[in-house]
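Colleague: I'd like to ask some things about the structure below.
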Amino acid sequence: MMIKKKEIQRHRMVRYFVEAACSIADSQGTDAVTARKVAELAGYNAATLYNYFDNLPHLLYFIHLRHLKDYAQALPHAIRDIDHPILLYMKICECFNEHGFQKPQQYYTIFFSEHSEKFNEHLRLYYDAFPEELPPEGLYFYPAFKQNDVHQKDYNALMAAARKGFLKEEDVVDIVRINFLIFGGMLRHFLSFPSEIGSADKAACIATRYQAHTLAGYGVSPELLTDYY
């Protein structure tokens, strides 16, 4: 019981500080966020803040995690009425790319910064503090968010495709990893050379096309992927 009370208190305090940090970031910009300002707005001192966050970049990481909310809410609509596992997987990739390239710095920080090494741990704490941001319970990909592993939904879709003979089960993990690295590489390139690609929409389309080629390289019929070539 004592442990549970401590966890509830931790979740409550994390929420206070993250909400305060988001308020400052939204009104003054992320560069204006400081530990002192956040603590004062939350009604505590900076020393208390550091009981819950290692440093300011750790707190800022939690600000960026809120940007997954739009993706979590959009995904159910993106995959509605799609029952073919390959097309389902590609639609998941497409939706993720669209949201990622609309907010490239935030997504790069979430998935490819120093704090992304503990992504699952951080996301678990974030959703414990903000449970209302989870996607609707009951959707097939809900466990991927609840278990704090957004890659699980990709794996689930590809395993369903493998069970129906569209690819080999032993290739699924490699495909998920390769296509995530494609997203990361394109994201880094877009951040470094935005004018070369032209727009977020174009960058997302390119990434999705490369990911479709990955599937084709592992034996998926190109006829299933024509919408992405």
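Residues are referred to by chain and number: the chain letter is A, B, ... according to the order shown in the structure tokens, the number counts from 1 in that chain, and ligands are numbered separately from 1 in the order shown.
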Quick one: everything within 8 Å of Ala207 in chain A, counting only C-alpha atoms, minus sequence neighbours fewer than 3 positions away in the same chain. Send it as a list in words.
Modeller: Asn97, Ile182, Phe183, Met186, Ala203, Ala204, Tyr210 and Gln211 of chain A
Colleague: Write out the residues from the selection above, keeping all heavy atoms, as a JSON list (two decimals), in the first residue's frame.
Modeller:
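What ended up in result.json:
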```
[["chain", "number", "residue", "atom", "x", "y", "z"],
["A", 97, "ASN", "N", 5.05, 8.28, -40.20],
["A", 97, "ASN", "CA", 5.91, 9.19, -40.96],
["A", 97, "ASN", "C", 5.26, 10.57, -41.09],
["A", 97, "ASN", "O", 5.93, 11.60, -40.93],
["A", 97, "ASN", "CB", 6.19, 8.61, -42.34],
["A", 97, "ASN", "CG", 7.06, 7.37, -42.29],
["A", 97, "ASN", "OD1", 7.79, 7.16, -41.32],
["A", 97, "ASN", "ND2", 6.99, 6.55, -43.33],
["A", 182, "ILE", "N", 15.30, 3.70, -41.36],
["A", 182, "ILE", "CA", 14.98, 4.55, -42.52],
["A", 182, "ILE", "C", 14.29, 5.83, -42.05],
["A", 182, "ILE", "O", 14.63, 6.93, -42.49],
["A", 182, "ILE", "CB", 14.10, 3.78, -43.52],
["A", 182, "ILE", "CG1", 14.94, 2.73, -44.26],
["A", 182, "ILE", "CG2", 13.46, 4.74, -44.53],
["A", 182, "ILE", "CD1", 14.14, 1.80, -45.15],
["A", 183, "PHE", "N", 13.33, 5.67, -41.17],
["A", 183, "PHE", "CA", 12.65, 6.84, -40.62],
["A", 183, "PHE", "C", 13.65, 7.77, -39.93],
["A", 183, "PHE", "O", 13.65, 8.98, -40.17],
["A", 183, "PHE", "CB", 11.58, 6.40, -39.62],
["A", 183, "PHE", "CG", 10.99, 7.52, -38.82],
["A", 183, "PHE", "CD1", 10.08, 8.40, -39.38],
["A", 183, "PHE", "CD2", 11.36, 7.71, -37.49],
["A", 183, "PHE", "CE1", 9.53, 9.44, -38.65],
["A", 183, "PHE", "CE2", 10.82, 8.75, -36.74],
["A", 183, "PHE", "CZ", 9.91, 9.62, -37.32],
["A", 186, "MET", "N", 16.01, 9.51, -42.54],
["A", 186, "MET", "CA", 15.29, 10.55, -43.27],
["A", 186, "MET", "C", 15.00, 11.75, -42.37],
["A", 186, "MET", "O", 15.07, 12.91, -42.81],
["A", 186, "MET", "CB", 13.98, 9.98, -43.82],
["A", 186, "MET", "CG", 14.14, 9.17, -45.08],
["A", 186, "MET", "SD", 14.69, 10.16, -46.50],
["A", 186, "MET", "CE", 13.39, 11.39, -46.59],
["A", 203, "ALA", "N", 8.88, 14.51, -47.53],
["A", 203, "ALA", "CA", 9.81, 13.68, -46.76],
["A", 203, "ALA", "C", 9.12, 12.42, -46.25],
["A", 203, "ALA", "O", 9.68, 11.32, -46.29],
["A", 203, "ALA", "CB", 10.38, 14.48, -45.59],
["A", 204, "ALA", "N", 7.88, 12.57, -45.78],
["A", 204, "ALA", "CA", 7.13, 11.42, -45.29],
["A", 204, "ALA", "C", 6.86, 10.42, -46.41],
["A", 204, "ALA", "O", 6.96, 9.21, -46.21],
["A", 204, "ALA", "CB", 5.81, 11.88, -44.66],
["A", 210, "TYR", "N", 10.59, 4.16, -49.31],
["A", 210, "TYR", "CA", 11.76, 3.35, -48.98],
["A", 210, "TYR", "C", 11.36, 2.14, -48.12],
["A", 210, "TYR", "O", 11.88, 1.03, -48.29],
["A", 210, "TYR", "CB", 12.79, 4.19, -48.23],
["A", 210, "TYR", "CG", 13.49, 5.25, -49.05],
["A", 210, "TYR", "CD1", 14.24, 6.24, -48.43],
["A", 210, "TYR", "CD2", 13.38, 5.28, -50.45],
["A", 210, "TYR", "CE1", 14.89, 7.22, -49.18],
["A", 210, "TYR", "CE2", 14.02, 6.26, -51.19],
["A", 210, "TYR", "CZ", 14.77, 7.23, -50.55],
["A", 210, "TYR", "OH", 15.41, 8.21, -51.28],
["A", 211, "GLN", "N", 10.45, 2.35, -47.21],
["A", 211, "GLN", "CA", 10.00, 1.25, -46.34],
["A", 211, "GLN", "C", 9.25, 0.19, -47.12],
["A", 211, "GLN", "O", 9.36, -1.01, -46.84],
["A", 211, "GLN", "CB", 9.14, 1.82, -45.21],
["A", 211, "GLN", "CG", 9.96, 2.64, -44.22],
["A", 211, "GLN", "CD", 9.13, 3.54, -43.31],
["A", 211, "GLN", "OE1", 7.98, 3.84, -43.63],
["A", 211, "GLN", "NE2", 9.71, 3.97, -42.21]]
```
Colleague: Considering only C-alpha atoms, return as JSON, numbers by chain whatever protein or nucleic-acid residues lie within 12 Å of range 121-126 of chain A, sequence-local ones (same chain, fewer than 5 positions apart) excluded.
Modeller: {"A": [7, 8, 10, 11, 12, 13, 14, 15, 16, 17, 18, 19, 52, 53, 54, 58, 59, 60, 61, 62, 63, 64, 65, 66, 67, 68, 69, 110, 111, 115, 116, 131, 132, 133, 134, 143, 144, 145, 146, 147, 148, 149, 150]}
Colleague: Skip Leu225 in chain A itself and residues of its chain fewer than 4 positions away, then list as a PDB file with N, CA, C and O atoms, in the first residue's frame all residues within 9 Å of it, counting only C-alpha atoms.
Modeller:
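Written output follows (out.pdb):
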```pdb
ATOM      1  N   ILE A  86      -0.287  -6.673 -44.718  1.00  0.00           N
ATOM      2  CA  ILE A  86       0.762  -5.872 -45.352  1.00  0.00           C
ATOM      3  C   ILE A  86       0.308  -4.427 -45.527  1.00  0.00           C
ATOM      4  O   ILE A  86       1.037  -3.482 -45.206  1.00  0.00           O
ATOM      5  N   LEU A  87      -0.907  -4.247 -45.997  1.00  0.00           N
ATOM      6  CA  LEU A  87      -1.443  -2.893 -46.167  1.00  0.00           C
ATOM      7  C   LEU A  87      -1.634  -2.212 -44.815  1.00  0.00           C
ATOM      8  O   LEU A  87      -1.456  -0.994 -44.691  1.00  0.00           O
ATOM      9  N   MET A  90       1.804  -1.007 -43.760  1.00  0.00           N
ATOM     10  CA  MET A  90       2.211   0.163 -44.523  1.00  0.00           C
ATOM     11  C   MET A  90       1.435   1.403 -44.102  1.00  0.00           C
ATOM     12  O   MET A  90       1.972   2.508 -44.063  1.00  0.00           O
ATOM     13  N   ARG A 209       8.007   5.254 -49.062  1.00  0.00           N
ATOM     14  CA  ARG A 209       8.389   4.522 -50.267  1.00  0.00           C
ATOM     15  C   ARG A 209       9.604   3.633 -50.007  1.00  0.00           C
ATOM     16  O   ARG A 209       9.629   2.458 -50.420  1.00  0.00           O
ATOM     17  N   ALA A 212       8.509   0.615 -48.137  1.00  0.00           N
ATOM     18  CA  ALA A 212       7.836  -0.347 -49.010  1.00  0.00           C
ATOM     19  C   ALA A 212       8.867  -1.171 -49.778  1.00  0.00           C
ATOM     20  O   ALA A 212       8.701  -2.395 -49.953  1.00  0.00           O
ATOM     21  N   HIS A 213       9.946  -0.527 -50.210  1.00  0.00           N
ATOM     22  CA  HIS A 213      11.005  -1.257 -50.909  1.00  0.00           C
ATOM     23  C   HIS A 213      11.676  -2.283 -49.990  1.00  0.00           C
ATOM     24  O   HIS A 213      12.121  -3.342 -50.462  1.00  0.00           O
ATOM     25  N   LEU A 215      10.130  -4.067 -47.745  1.00  0.00           N
ATOM     26  CA  LEU A 215       9.247  -5.228 -47.788  1.00  0.00           C
ATOM     27  C   LEU A 215       9.444  -6.020 -49.077  1.00  0.00           C
ATOM     28  O   LEU A 215       9.501  -7.253 -49.063  1.00  0.00           O
ATOM     29  N   ALA A 216       9.541  -5.294 -50.182  1.00  0.00           N
ATOM     30  CA  ALA A 216       9.745  -5.973 -51.464  1.00  0.00           C
ATOM     31  C   ALA A 216      11.061  -6.746 -51.457  1.00  0.00           C
ATOM     32  O   ALA A 216      11.142  -7.853 -52.003  1.00  0.00           O
ATOM     33  N   VAL A 220       7.975  -9.597 -50.320  1.00  0.00           N
ATOM     34  CA  VAL A 220       6.574  -9.207 -50.431  1.00  0.00           C
ATOM     35  C   VAL A 220       6.292  -8.800 -51.879  1.00  0.00           C
ATOM     36  O   VAL A 220       7.079  -8.078 -52.496  1.00  0.00           O
ATOM     37  N   SER A 221       5.184  -9.253 -52.427  1.00  0.00           N
ATOM     38  CA  SER A 221       4.844  -8.966 -53.815  1.00  0.00           C
ATOM     39  C   SER A 221       4.737  -7.464 -54.055  1.00  0.00           C
ATOM     40  O   SER A 221       4.001  -6.767 -53.338  1.00  0.00           O
ATOM     41  N   TYR A 229       4.941   3.130 -54.322  1.00  0.00           N
ATOM     42  CA  TYR A 229       6.107   3.277 -55.221  1.00  0.00           C
ATOM     43  C   TYR A 229       6.012   4.587 -55.997  1.00  0.00           C
ATOM     44  O   TYR A 229       4.955   5.112 -56.242  1.00  0.00           O
TER      45      TYR A 229
END
```
Colleague: Need to verify the contact set: range 34-40 of chain A, 7 Å, only C-alpha atoms, exclusion of same-chain residues closer than 2 positions in sequence. Can you return it as number ranges by chain?
Modeller: A: 17, 20-21, 32, 42-46, 49, 56
Colleague: Output N, CA, C and O atoms of each residue in that selection to a file, as an mmCIF file, in the first residue's frame.
Modeller:
```cif
data_model
loop_
_atom_site.group_PDB
_atom_site.id
_atom_site.type_symbol
_atom_site.label_atom_id
_atom_site.label_comp_id
_atom_site.auth_asym_id
_atom_site.auth_seq_id
_atom_site.Cartn_x
_atom_site.Cartn_y
_atom_site.Cartn_z
ATOM 1 N N PHE A 17 4.801 19.064 -12.936
ATOM 2 C CA PHE A 17 5.983 19.682 -13.524
ATOM 3 C C PHE A 17 5.924 19.688 -15.057
ATOM 4 O O PHE A 17 6.319 20.673 -15.694
ATOM 5 N N ALA A 20 3.483 22.330 -16.195
ATOM 6 C CA ALA A 20 4.078 23.665 -16.047
ATOM 7 C C ALA A 20 5.098 23.922 -17.146
ATOM 8 O O ALA A 20 5.131 25.011 -17.740
ATOM 9 N N ALA A 21 5.914 22.935 -17.448
ATOM 10 C CA ALA A 21 6.928 23.086 -18.500
ATOM 11 C C ALA A 21 6.268 23.291 -19.859
ATOM 12 O O ALA A 21 6.707 24.137 -20.654
ATOM 13 N N ALA A 32 12.839 28.962 -23.343
ATOM 14 C CA ALA A 32 12.529 29.733 -22.138
ATOM 15 C C ALA A 32 12.291 28.840 -20.930
ATOM 16 O O ALA A 32 12.178 29.340 -19.807
ATOM 17 N N ALA A 42 4.705 25.436 -10.961
ATOM 18 C CA ALA A 42 4.065 24.245 -10.385
ATOM 19 C C ALA A 42 3.802 24.398 -8.890
ATOM 20 O O ALA A 42 3.059 23.595 -8.303
ATOM 21 N N GLY A 43 4.405 25.405 -8.275
ATOM 22 C CA GLY A 43 4.187 25.637 -6.849
ATOM 23 C C GLY A 43 5.186 24.953 -5.944
ATOM 24 O O GLY A 43 4.924 24.737 -4.750
ATOM 25 N N TYR A 44 6.358 24.633 -6.497
ATOM 26 C CA TYR A 44 7.403 23.955 -5.712
ATOM 27 C C TYR A 44 8.731 24.653 -5.966
ATOM 28 O O TYR A 44 8.806 25.644 -6.700
ATOM 29 N N ASN A 45 9.788 24.120 -5.380
ATOM 30 C CA ASN A 45 11.104 24.678 -5.643
ATOM 31 C C ASN A 45 11.878 23.744 -6.572
ATOM 32 O O ASN A 45 11.486 22.598 -6.805
ATOM 33 N N ALA A 46 12.990 24.262 -7.102
ATOM 34 C CA ALA A 46 13.769 23.501 -8.082
ATOM 35 C C ALA A 46 14.318 22.213 -7.489
ATOM 36 O O ALA A 46 14.442 21.202 -8.183
ATOM 37 N N LEU A 49 11.820 19.554 -7.915
ATOM 38 C CA LEU A 49 11.747 19.100 -9.315
ATOM 39 C C LEU A 49 12.797 18.034 -9.593
ATOM 40 O O LEU A 49 12.524 17.033 -10.265
ATOM 41 N N LEU A 56 17.455 19.210 -16.616
ATOM 42 C CA LEU A 56 16.502 19.935 -17.452
ATOM 43 C C LEU A 56 16.229 19.203 -18.773
ATOM 44 O O LEU A 56 15.063 19.099 -19.188
#
```
Colleague: Can you work out the spacing between CA of Tyr89 in chain A and CA of Gly185 in chain A in Å, to one decimal?
Modeller: 19.6 Å
Colleague: Which distance in Å separates CA of Asp83 in chain A and CA of Ala162 in chain A, to one decimal?
Modeller: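 Computing it gives 14.2 Å between the two atoms.
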Colleague: Which of these residues is nearest to Gly219 in chain A, using only C-alpha atoms: A:Leu181, A:Leu187, A:Phe166, A:Lys202?
Modeller: A:Phe166
Colleague: Expressed in Å to a single decimal, how great is the separation between CA of Cys95 in chain A and CA of Leu191 in chain A?
Modeller: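 Separation between CA of Cys95 in chain A and CA of Leu191 in chain A: 19.1 Å.
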